[in-house]
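Data block below; observations after.
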Amino acid sequence: MLIIGITGTLGAGKGTVVEYLRNKRRFAYFSVRDFLREEVHQRGLEANRDTLTSVANDLRAQHSPSYIVDELYRRAAQSGSNAIIESIRAVGEVEALRKKGGFMLWAVDADAKTRYERIRLRGSETDHIDYDTFLDNEKRELDNTDPNKQNLKACMAMADATLRNDGNIEELHKKIDEILSRFMPQEEEEHRRPSWDEYFMDLCHSVALRATCNRGRSGCVIVKDKQILVTGYVGSPSHLPHCDEVGHLFRKTLHEDGSVSTHCVRTVHAEQNAICQAARRGVALEGSTLYCTMTPCRTCAMLIINCGIRKVVADYKYHAGAESEEMFEKAGVELQYIHNEVLQYNNQKQEKSE
Ligand SMILES: [Zn+2]
Ligand SMILES: [Zn+2]
């Protein structure tokens, strides 16, 4: 078993490395941010930059400076599989993890100009800064003499392996494979047959590649008795233009508590398209199991219930999935998550701000 801690500069591509290790090399994933979100939620607070920071400081003061990564290491070890911890930011954390064994630290880095371009393209509000401000901010974050405070530069200097990510994604994947082949015992490289859940979820991800709305490229596979009945991915109704061609079609939703969220309404959801495929082909869905990317939305959940689907397996939690979870429970539809975390998708921030 190998536990890899990830550190690195902003925009270097830590997320891309993590994605490859999770999806292609089957590493379990543990994130400091998700851990903090969970803790903030348990304390009945709203998760934002301030509450996340104050809860992190509180936990470290109450227990130990490395408390959060210690907890994640414990969970990773319990998972029994190779695992990633993202992201490591303090020297004290690296030292604590090193003592536990089976641990290695990877640093991800790239040329500053390249990283600046990447975060600019990513386009979240906090990233709209000019190049000089980006460099100034970074200078402040990179260095810190307190071993328990964020010091990316020192962490990166302690790394067992450094991935330079200045080229394309294929080159990065190749470098990851090279490092793994050096550090992973040979027997773990041998072919492992996927479980049924892994098999159908992998198909779900392949189907999702055909999706045409980047607000969430989701896929869906409906199966019965371990056989595939139908598939679907998110996209416009047949013969209508796609989001990828003409842009999204946003509508605002006013919620009970007065908050407003923005959704793209151009598309038929992956679950709905799978159900439509069943309707066109005359396939009964009674007693079937539905695999999907994240907790189905309210409308999809209602359709799923009324199609007689008995079980839903979602890869991740949807941040606003509570209502669907409640409906499934009342209707007796079993809901299972592969990863018990909320999926962060492109432009999610936009929703809250509007
Ligand atoms: Zn769209
Ligand atoms: Zn839906």
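We name chains A, B, ... following the order of the structure tokens; residues begin at 1 in each chain, and ligands are numbered from 1 as shown.
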Could you list, as a PyMOL selection string, all protein and nucleic acid residues with an atom at most 10 Å from ligand 1, counting only C-alpha atoms and all ligand atoms? chain A and resi 211-217+234-236+242-250+263-268
Wanna dump the chain A-ligand 2 contacts at 6 Å for me, each residue with its shortest atom pair and the distance in Å to one decimal, counting only C-alpha atoms and all ligand atoms, ordered by chain and number, as JSON lines?
{"residue": "A:His269", "atom": "CA", "partner": "ligand 2", "partner_atom_place_in_ligand_line": "1 (Zn)", "distance": 4.9}
{"residue": "A:Pro296", "atom": "CA", "partner": "ligand 2", "partner_atom_place_in_ligand_line": "1 (Zn)", "distance": 5.0}
{"residue": "A:Cys297", "atom": "CA", "partner": "ligand 2", "partner_atom_place_in_ligand_line": "1 (Zn)", "distance": 4.1}
{"residue": "A:Thr299", "atom": "CA", "partner": "ligand 2", "partner_atom_place_in_ligand_line": "1 (Zn)", "distance": 5.7}
{"residue": "A:Cys300", "atom": "CA", "partner": "ligand 2", "partner_atom_place_in_ligand_line": "1 (Zn)", "distance": 4.3}
Can you list, as a short mmCIF file (atom, residue, chain, number, x, y, z; two decimals) with C-alpha atoms, in the first residue's frame, all residues belonging to range 105-286 of chain A that DSSP tags as strand (DSSP E)?
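New file part.cif:
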data_model
loop_
_atom_site.label_atom_id
_atom_site.label_comp_id
_atom_site.auth_asym_id
_atom_site.auth_seq_id
_atom_site.Cartn_x
_atom_site.Cartn_y
_atom_site.Cartn_z
CA LEU A 105 5.35 13.24 -1.14
CA TRP A 106 4.85 14.41 -4.72
CA ALA A 107 5.28 18.00 -5.78
CA VAL A 108 3.57 19.37 -8.87
CA ASP A 109 5.05 22.47 -10.45
CA ALA A 161 9.29 13.17 -6.66
CA THR A 162 8.60 16.37 -8.58
CA LEU A 163 6.31 16.45 -11.60
CA ARG A 164 7.01 19.30 -13.99
CA GLY A 219 -23.28 9.93 -17.79
CA CYS A 220 -25.72 7.22 -16.80
CA VAL A 221 -25.93 3.45 -17.23
CA ILE A 222 -28.99 1.42 -16.22
CA VAL A 223 -28.42 -2.28 -15.57
CA LYS A 224 -30.35 -5.32 -14.45
CA GLN A 227 -26.38 -6.65 -17.74
CA ILE A 228 -26.58 -3.22 -19.39
CA LEU A 229 -30.07 -2.14 -20.45
CA VAL A 230 -29.57 1.47 -21.61
CA THR A 231 -27.15 4.41 -21.37
CA GLY A 232 -27.48 8.20 -21.48
CA TYR A 233 -25.44 11.38 -21.25
CA PHE A 250 -29.21 29.87 -18.04
CA ARG A 251 -32.32 30.23 -15.91
CA LYS A 252 -32.42 31.41 -12.32
CA THR A 253 -34.18 29.45 -9.61
CA LEU A 254 -35.55 31.24 -6.53
CA VAL A 260 -31.06 32.33 -6.13
CA SER A 261 -29.09 29.72 -8.09
CA THR A 262 -28.41 29.58 -11.81
CA HIS A 263 -28.82 26.41 -13.88
CA CYS A 264 -28.32 25.51 -17.50
#
Write out as a ChimeraX atom specification each polymer residue whose atoms come within 10 Å of Arg118 in chain A, counting only C-alpha atoms; drop sequence neighbours fewer than 2 positions from it. /A:10-13,112-116,120-123,127
